[in-house]
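Q: Have a look at this one.
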Amino acid sequence: MNRRTYNAAAIAAEIAVPVAILVAWQAWTVQAQDPKFPRLSTILVEFREMWLFSQFELHVVPSLTRIGAGFGIALALGILLGIPLGLSRWGRIIAMPHIEWWRAMPPPALLPISVVLLHSIENRQKIAFIAFFCLFPILLNTIDGVRGIDPTLIETARSYGMRGFERTRRIVFPAALPQIFAGMRTSLSLAVIMMVLTEYFSSTSGVGYVLLISKNTLQLAPMWAAIVLIGVLGYVLNLLLILVERRVLAWHRGWRAATAQ
Amino acid sequence: MSTHAGQLLEVRNLAKTYGTGTKATPAIADVSFAVEDREFVCVVGPSGCGKTTLLKCVGGLLRPSSGQVFLRGKAVTSPPEEMALVFQEYGRSLMPWASVRNNVLLPLRHKKLARAERKALVEEALAAVGLTRFIDHYPWQLSGGMQQRVAIARALAYQPSILLMDEPFASVDAQTRGDLEDLVLRVREEFAVTILFVTHDIDESVYISDRVVVLKHAPTEVKEVIDVDLPFPRDQIVTKELTEFTQLRGHVYRLIKREQDEPTRRLTPVTTATKGETA
């Protein structure tokens, strides 16, 4: 098989399998006549009516804003705290037990207290909640990335008189970046989970809220439409992050391939 | 003790012991030598004699347990701006995320230079090592020998008065090694730079330098300092065919061989540490 036919076959397989699953689902739901499983066509019509775009601004925009803000805060804090902790043994000795403790905390356990403490079921509480749990993968990966820097690189920087912030910015940060991205991928999928969780628990808007309302009113088609939307959101967000990573870390793929020989 | 004119670097009674107490391992017992301005000095010794440790102490990366290093009469306590260090592990001392240009440029960023001056320094240094065509490549896209040339260019662009080189050609093939030796001899003239070069290769040490400092094995002392009066320019074939070259080479070889055959001197760590402290 030459390269062209191989690529064509690969793309066809990537598309054909999901299409086959959808067709099977439609066929099965038509024949099953089960109200718990509305027809795929019904769900898709519902999806179009709700999300393209009559309720988009009402529910999708708030959810995306919360993910964006929460993830952004976690990213900034994770790097700002992770780099000094990666560089300081004493910093780690002091901070690691606390990090491990909070990281082991199941997120739902903190939902009620977050509402009470922050006096909010709106953006303030949602963003803080998402940011808190997205922090840990980024923080721990940043610490690991900084600790894993080749000592020769640090010695090179030292021998050229680079110190303090300059060394951190020009050597430590770029060297740790591949691992920071690994943390970001974990955190981004966590952000979607936390968004749904906190909106489902208490809110007045968002796709998690739509799930809650459709459950309370026993409307199965909107519920399925919301589930499809959440899946699409998670998939697309992850895809965007991978595209950014490919650009920013193009050197890393090449370097790894070159040094693996 | 005053440093006489023309003397650029002085290593005075340098000692380095790793660890303390019963775990103390003396690496360097007592090493003294000097490097004149524009001189090319090679340090050779049996393997494991603390050559890298010595060079890191000279470069201000490691603090000696006792003794001192002087650069133009000033004690070295941290890496001086007048020194540049070329490591053996070129693949690990170059930044994989930066292009060849940016690798060479990076140390210049905190020097007070105009943008155009920086650019000129980078391009001049890369031209000197013959890598102008590869300026926008990543280092890992280049061969081992070329990567070490990037590291040399980075050191040259930094405009040091002394270049410290730690077994820079230990991990390239013989052919490339010869080319790099000649390249270093050439840029030494071009950039009027003093070089302190550590190697375990005896042929290389005689071929490349004005003077060879032969070390004993650890805990290290200077065994002998040999003047190399071979004519310049040196040539891989002609120079190495000279009787004088073979004699010098044989002499250094015997010194090191004798050193390796001797049973290790059992200096207790405590003795060495005390000796170092009072020196």
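By convention in this document, the chains of the structure tokens carry letters A, B, ... by their order, each chain's residues are numbered from 1, and ligands are numbered from 1 in the order they are shown.
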Identify every residue of chain B that has at least one atom within 10 Å of any atom of chain A, counting only C-alpha atoms, and report the result as a PyMOL selection string.
A: chain B and resi 56+59-61+78-99+106-111+138-142+154-155+158
Q: Quick one: residues within 9 Å of Leu135 of chain A, only C-alpha atoms counted, chain neighbours fewer than 3 positions away excluded, as an NGL selection string?
A: :A and (71 or 73-78 or 130-132 or 138-140 or 187)
Q: Would you kindly return, as a list in words, each protein, DNA or RNA residue with an atom no farther than 12 Å from any atom of Ala75 of chain B, considering only C-alpha atoms and excluding same-chain residues fewer than 2 positions away?
A: Thr3, Leu8, Leu9, Glu10, Val11, Arg12, Cys57, Val58, Gly59, Gly60, Arg63, Pro64, Gly67, Gln68, Val69, Phe70, Leu71, Arg72, Gly73, Thr77, Ser78, Pro79 and Pro80 of chain B
Q: Go ahead and save the residues from that selection, with C-alpha atoms, as a compact mmCIF listing (two decimals), in the first residue's frame.
A:
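Writing done, so here's again12.txt:
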# COMPACT_ATOMS: atom_id res chain seq x y z
CA THR B 3 51.49 37.74 39.57
CA LEU B 8 46.35 35.66 32.87
CA LEU B 9 45.30 32.78 35.09
CA GLU B 10 46.84 31.35 38.19
CA VAL B 11 45.76 28.23 40.06
CA ARG B 12 47.32 28.33 43.50
CA CYS B 57 36.84 25.08 40.14
CA VAL B 58 38.81 27.23 37.70
CA GLY B 59 35.57 28.32 36.01
CA GLY B 60 33.97 29.35 39.29
CA ARG B 63 34.08 26.20 45.19
CA PRO B 64 37.50 24.70 45.98
CA GLY B 67 43.47 27.26 47.50
CA GLN B 68 42.45 29.87 44.99
CA VAL B 69 42.11 30.70 41.34
CA PHE B 70 43.17 34.13 40.12
CA LEU B 71 42.15 35.72 36.85
CA ARG B 72 44.30 38.80 36.16
CA GLY B 73 45.19 38.77 39.84
CA THR B 77 34.52 33.14 43.26
CA SER B 78 31.80 32.88 40.62
CA PRO B 79 31.90 32.43 36.83
CA PRO B 80 33.72 35.53 35.52
Q: Contacts of Leu190 of chain A at 9 Å or less, counting only C-alpha atoms, minus same-chain residues fewer than 5 places along, as a compact mmCIF listing (two decimals) with C-alpha atoms, in the first residue's frame?
A:
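The resulting file, around-v7.txt, is shown below:
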# COMPACT_ATOMS: atom_id res chain seq x y z
CA ILE A 130 -12.63 24.81 38.54
CA PHE A 133 -8.91 21.39 41.03
CA CYS A 134 -7.21 22.21 37.74
CA ARG A 185 -3.93 18.40 29.03
CA MET A 195 -17.77 22.78 35.08
Q: Quote the spacing between atom CA of Ala127 of chain B and atom CA of Val172 of chain B in Å to one decimal place.
A: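 Calculated distance between atom CA of Ala127 of chain B and atom CA of Val172 of chain B is 21.1 Å.
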Q: Might you pull out every residue within 9 Å of Val207 of chain A, with only C-alpha atoms counted and same-chain residues fewer than 6 positions away left off, and present them as a list in words?
A: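 In the requested form, the answer reads His59, Val60, Pro62, Ser63, Met195, Val196, Glu199, Tyr200, Ala226, Ile227, Leu229 and Ile230 of chain A.
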Q: Near Ser114 of chain A, within 12 Å and counting only C-alpha atoms, which residues show up once chain neighbours fewer than 5 positions away are dropped, as an MDAnalysis selection string?
A: chainID A and resid 107:109 119:130 132 198 201:202
Q: Figure out the distance between atom CA of Leu64 of chain A and atom CA of Val244 of chain A, please, to one decimal in Å.
A: 18.0 Å
Q: How many Å lie between atom CA of Val61 of chain A and atom CA of Leu44 of chain A, rounded to one decimal?
A: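 According to the coordinates, atom CA of Val61 of chain A and atom CA of Leu44 of chain A are separated by 20.1 Å.
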Q: Counting only C-alpha atoms, which residue out of B:Gly144, B:Pro233, B:Gly130, B:Pro219 sits closest to Arg188 of chain B?
A: B:Pro233
Q: Return the single residue from A:Ala260, A:Leu241, A:Val210, A:Ala9 that is closest to Leu58 of chain A, with distances computed using only C-alpha atoms.
A: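 Using only C-alpha atoms, the shortest distance to Leu58 of chain A belongs to A:Val210.
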Q: Which is closer to Arg249 of chain B than all the others in B:Gln236, B:Ser205, B:Ser32, B:Thr176, using only C-alpha atoms?
A: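 Using only C-alpha atoms, the shortest distance to Arg249 of chain B belongs to B:Ser205.
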Q: Would you return as a ChimeraX atom specification the members of segment 17-251 of chain B that DSSP assigns to strand (DSSP E) on this structure's backbone?
A: /B:17-18,25-36,40-44,66-71,74-75,83-86,162-166,194-199,211-215,220-227
